[in-house]
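Undergrad: Okay, here's the structure, questions in a sec.
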Amino acid sequence: MLGFFISGHPLAKYRAEVELFGTRTTATLGIWSPQKVTIAAVVTVVKRQVSKKSGAEYARLTLEDFHGAAEALVFPEAWAKLSAAIRADGAYLLTGGYIARDRGEEQAPFVVESARTLDELRPSGAIGVALRWTAANRPQPETTRAIAALCAAHPGPTPVFIEWRSENGGKERDENGTPVRLRSRSFRVDAADDLLAALRDLLGAEAVTLVRA
């Protein structure tokens with residue numbers, strides 16, 4: 001009724017997921033694209049409707065994120081699969097695209113094709129923990145042992161990476177321009193806030209981050 005969240009934005013706890021996986025926000029969702037796009041948002045309204053032509057049910061969704069609100073469509077074929085999964089007040093990563101005839105429109109309708117709950121991204125292993133350091137500033141052996149002990153004490157589905165950086169702080173990259181990351185064969189962790197805080201205490205706030213695995 002008030003138009004804002006009294007207890008904090010429901011996406012706040014998913015900020016890492018929003019930044020890592022969303023290619024659009026509600027502010028840019030109406031910009032037509034020939035490519036698939038994704039948006040991480042809370043579905044605040046699910047409005048079920050029936051097509052006059054086919055009699056099939058489809059849906060109009062209202063999405064909200066840190067930038068505002070926008071609408072999305074779910075056509076009957078996709079809605080038949082997603083109707084049981086998408087609920088009002090749920091937080092989702094929505095993937096979809098645009099209709100060719102809407103190219104050039106000021107606000108092109110976004111058409112949802114698939115959806116995942118933001119809650120499932122970390123447990124699925126889609127997000128990793130990256131520990132960043134340079135060859136000249138590697139952790140001391142006692143710090144390395146402490147990192148290993150923390151990871152062992154927090155087992156879970158999240159892969160752990162070492163990300164090497166050059167002496168000037170830039171990411172080392174391979175021949176394809178991809179940042180060099182070494183995946184740990186020994187540890188997968190539960191990337192909860194307490195583990196991330198403990199790792200940052202050891203290595204520094206900028207040396208521990210979440211990444212797409």
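As shown in the structure tokens, the chain order sets the letters A, B, ...; within each chain, residues go from 1, and ligands are also counted from 1 in the order they appear.
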Residues within 8 Å of range 204-211 of chain A, please, as a PyMOL selection string. Count only C-alpha atoms; anything in the same chain fewer than 3 positions from it doesn't count.
TA: chain A and resi 16+20+127-133+196+199-201
Undergrad: Near Arg181 in chain A, counting only C-alpha atoms, which residues have an atom at most 7 Å away, once you skip same-chain residues fewer than 3 positions from it, shown as a VMD selection string?
TA: chain A and resid 161 to 164
Undergrad: Near Phe66 in chain A, within 8 Å and counting only C-alpha atoms, which residues show up once chain neighbours fewer than 2 positions away are dropped, as a PDB file with N, CA, C and O atoms, in the first residue's frame?
TA:
```
ATOM      1  N   HIS A   9      14.670  -4.163   1.243  1.00  0.00           N
ATOM      2  CA  HIS A   9      14.302  -4.737  -0.054  1.00  0.00           C
ATOM      3  C   HIS A   9      14.491  -6.251  -0.033  1.00  0.00           C
ATOM      4  O   HIS A   9      15.537  -6.741   0.420  1.00  0.00           O
ATOM      5  N   LEU A  11      15.292  -8.220  -2.259  1.00  0.00           N
ATOM      6  CA  LEU A  11      16.429  -8.664  -3.066  1.00  0.00           C
ATOM      7  C   LEU A  11      17.763  -8.437  -2.373  1.00  0.00           C
ATOM      8  O   LEU A  11      18.798  -8.880  -2.875  1.00  0.00           O
ATOM      9  N   GLU A  64       9.941  -6.348  -9.680  1.00  0.00           N
ATOM     10  CA  GLU A  64      10.580  -5.245  -8.971  1.00  0.00           C
ATOM     11  C   GLU A  64      12.010  -5.620  -8.612  1.00  0.00           C
ATOM     12  O   GLU A  64      12.281  -6.765  -8.224  1.00  0.00           O
ATOM     13  N   GLY A  68      13.431  -0.278  -9.706  1.00  0.00           N
ATOM     14  CA  GLY A  68      12.028   0.087  -9.881  1.00  0.00           C
ATOM     15  C   GLY A  68      11.187  -1.112 -10.248  1.00  0.00           C
ATOM     16  O   GLY A  68      11.439  -2.230  -9.776  1.00  0.00           O
TER      17      GLY A  68
END
```
Undergrad: Please return as an MDAnalysis selection string: the residues of range 115-157 of chain A that backbone DSSP assigns to alpha helix (DSSP H).
TA: chainID A and resid 141:153
Undergrad: Near Pro155 in chain A, counting only C-alpha atoms, which residues have an atom at most 9 Å away, once you skip same-chain residues fewer than 5 positions from it, shown as a PyMOL selection string?
TA: chain A and resi 187-191
Undergrad: Mind checking which residues fall within 8 Å of Ala70 in chain A, counting only C-alpha atoms, ignoring those fewer than 6 positions away in the same chain, and posting them as a PyMOL selection string?
TA: chain A and resi 26-27+29+62-64
